[in-house]
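Have a look at the structure below, then the notes.
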Amino acid sequence: MNEIKKVLERRSERDYKNAPIEKEKIDQIINVINSAPTSTNSQDFSAIIVDDQQLRLEISQNLPTQKHIVNAPLFIIFCADMNRINYVAQQTQKTIYTNSINSFLTSAGDAFIAASFAVNAAIQLGLGTCYIGMVRGKLKEIQKALNLEGTIVPVVGLTIGYIATQQEIKPKINHVYISKYNLNQLHNEVDKYDLEMLNYYDTRSQNRTHNKWSQTCLNFFLQPSPLTSEIDAFIKNVWKIQ
């Protein structure tokens, strides 16, 4: 299978074989992460391989669809991290200005880019992956367990392993516009996608539900998340955002 085809057939894999990943493959994934680009070469992210099973259990607690956090052979947390820039500023006695939303977005964006590099590397190595956004729901616990000192915030996790069973590939919606953004086109594409996802949920081999995409997606936004204020406060405190 060629490389593009492998990427196009990527799924969020949550069922992994009880098989370790070879050290050579883990080393290759680490090398790819370290090769990920950063804005202005600021090196403003870090990735931590989590082998603390108790922490994995804590992150997945009360989340029945997230058990792969515990079972995956490899679990990595990607963090926005300004500690390298802060260190060289201190060493050279320079005043720097990084306590802004834009600074955090840039650093978090670089962490997500590194995570996507890891995903693509894993795919080429015959492994499955799944992003874990819920690491942001356990920020204080992760901060303590992983010794996250200074200006560093976990933004996304990633499970990696050999795939045991797979769901069918979900239909995809267009995200790309030529020359100009087109809101009318977007609305038409959403209506079409709703019907495609309804058919997907009706006919997939496991966990069939008679729902449109709009129904399942909107459920996450129908009421304020109780974690949002905690997450916002944590980021503002660590990043010293005014």
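Every chain in the structure tokens takes a letter, A first, then B, and so on in the order presented; its residues are numbered from 1, and the ligands are numbered from 1 following the presented order.
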>> Taking the DSSP secondary structure from the backbone, can you list the residues of stretch 52-237 of chain A that are strand (DSSP E), as a ChimeraX atom specification?
In response: /A:74-81,128-132,152-161
Would you put the residues from that selection into a file with C-alpha atoms, as a short mmCIF file (atom, residue, chain, number, x, y, z; two decimals), in the first residue's frame?
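Output saved as result-v7.cif:
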data_model
loop_
_atom_site.label_atom_id
_atom_site.label_comp_id
_atom_site.auth_asym_id
_atom_site.auth_seq_id
_atom_site.Cartn_x
_atom_site.Cartn_y
_atom_site.Cartn_z
CA LEU A 74 2.50 3.48 23.62
CA PHE A 75 0.90 6.65 25.00
CA ILE A 76 2.44 10.07 24.34
CA ILE A 77 1.35 13.44 25.70
CA PHE A 78 2.26 16.49 23.59
CA CYS A 79 2.70 19.80 25.38
CA ALA A 80 3.00 23.47 24.53
CA ASP A 81 6.34 24.33 26.15
CA GLY A 128 -2.72 2.48 14.51
CA THR A 129 -3.25 5.69 16.48
CA CYS A 130 -5.88 7.75 18.25
CA TYR A 131 -5.69 11.36 19.43
CA ILE A 132 -6.74 11.96 23.05
CA ILE A 152 4.36 23.88 29.88
CA VAL A 153 0.76 22.78 29.20
CA PRO A 154 -0.45 19.37 27.93
CA VAL A 155 -2.61 19.87 24.84
CA VAL A 156 -3.19 16.43 23.27
CA GLY A 157 -2.40 12.78 23.86
CA LEU A 158 -1.77 10.00 21.35
CA THR A 159 -2.21 6.25 21.70
CA ILE A 160 -0.23 3.98 19.37
CA GLY A 161 -0.29 0.23 18.88
#
> Got a sec to tell me which of stretch 54-195 of chain A DSSP assigns to alpha helix (DSSP H), as a ChimeraX atom specification?
Replying inline: /A:54-60,68-71,83-91,101-124,139-145,183-195
>> Under the rule that only C-alpha atoms are counted, which of A:Arg11, A:Arg84, A:Lys140, A:Lys23 is the nearest residue to A:Phe234?
In response: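 Of all the options, A:Lys140 lies closest to A:Phe234.
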>> Ranking A:Tyr97, A:Phe104, A:Phe117, A:Tyr87 by minimum distance to A:Ile29 and counting only C-alpha atoms, which one comes first?
In response: A:Phe117
>> Neighbouring residues of A:Tyr177 were defined as those with any atom within 10 Å, considering only C-alpha atoms; residues of the same chain fewer than 6 positions away were excluded. Please report them as a count of residues only.
In response: 3
> Do you know which residues are at most 10 Å from A:Asp191 counting only C-alpha atoms, after dropping those on the same chain fewer than 3 positions away, and could you put them as a PyMOL selection string?
Replying inline: chain A and resi 186-188+194-196+212-214
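By chain and then residue number, the residues within 12 Å of A:Thr216 are A:Asp194, A:Met197, A:Leu198, A:Tyr201, A:Thr209, A:His210, A:Leu222, counting only C-alpha atoms and disregarding those fewer than 6 positions away in sequence.
Across the structure, atom CA of A:Ser229 and atom CA of A:Thr65 are spaced 23.5 Å apart.
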> Could you name the residues that touch A:Thr106 at 10 Å or less, counting only C-alpha atoms, but leaving out those on the same chain fewer than 6 positions away, as JSON, numbers by chain?
Replying inline: {"A": [38, 39, 42, 44, 45, 80, 100, 112]}
Taking C-alpha atoms for each residue, export the selection above as a PDB file, in the first residue's frame.
ATOM      1  CA  THR A  38       8.276  24.931  15.115  1.00  0.00           C
ATOM      2  CA  SER A  39       7.397  28.585  14.551  1.00  0.00           C
ATOM      3  CA  SER A  42      11.444  28.311  18.808  1.00  0.00           C
ATOM      4  CA  ASP A  44       8.229  25.356  21.766  1.00  0.00           C
ATOM      5  CA  PHE A  45       6.779  21.896  22.375  1.00  0.00           C
ATOM      6  CA  ALA A  80       2.997  23.467  24.535  1.00  0.00           C
ATOM      7  CA  SER A 100      -0.262  36.105  25.311  1.00  0.00           C
ATOM      8  CA  PHE A 112      -0.321  19.402  17.447  1.00  0.00           C
TER       9      PHE A 112
END
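Once A:Asp51 and its same-chain neighbours fewer than 2 positions away are set aside, A:Ile48, A:Ile49, A:Gln53, A:Gln54, A:Leu55, A:Arg56, A:Val70, A:Pro73, A:Leu74, A:Phe75, A:Ile76 remain within 10 Å of it when counting only C-alpha atoms.
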May I have the selected residues written with C-alpha atoms, as a PDB file, in the first residue's frame?
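Saved result, again_17.pdb, follows:
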ATOM      1  CA  ILE A  48       6.348  12.767  27.033  1.00  0.00           C
ATOM      2  CA  ILE A  49       6.033   8.992  26.752  1.00  0.00           C
ATOM      3  CA  GLN A  53      -0.245   3.095  34.417  1.00  0.00           C
ATOM      4  CA  GLN A  54      -1.900   4.812  37.377  1.00  0.00           C
ATOM      5  CA  LEU A  55      -1.859   8.117  35.509  1.00  0.00           C
ATOM      6  CA  ARG A  56      -3.276   6.426  32.424  1.00  0.00           C
ATOM      7  CA  VAL A  70      -4.634   2.217  29.465  1.00  0.00           C
ATOM      8  CA  PRO A  73       1.424  -0.137  24.138  1.00  0.00           C
ATOM      9  CA  LEU A  74       2.501   3.480  23.625  1.00  0.00           C
ATOM     10  CA  PHE A  75       0.897   6.649  25.005  1.00  0.00           C
ATOM     11  CA  ILE A  76       2.441  10.065  24.343  1.00  0.00           C
TER      12      ILE A  76
END
>> Quick check, in Å to one decimal: how far apart do atom CA of A:Asp27 and atom CA of A:Tyr162 lie?
In response: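 Rounded to one decimal, the two atoms are 16.0 Å apart.
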> What does the distance from atom CA of A:Leu105 to atom CA of A:Asn34 come to in Å, to one decimal?
Replying inline: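 Value for the atom CA of A:Leu105-atom CA of A:Asn34 distance: 19.6 Å.
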> Looking at only C-alpha atoms, which of A:Leu125, A:Val50, A:Gln66, A:Ile30 is the one that sits closest to A:Asn147?
Replying inline: A:Val50
> For A:Leu8, which of A:Thr151, A:Ile235, A:His68, A:Gln124 is the closest residue, counting only C-alpha atoms?
Replying inline: A:Gln124
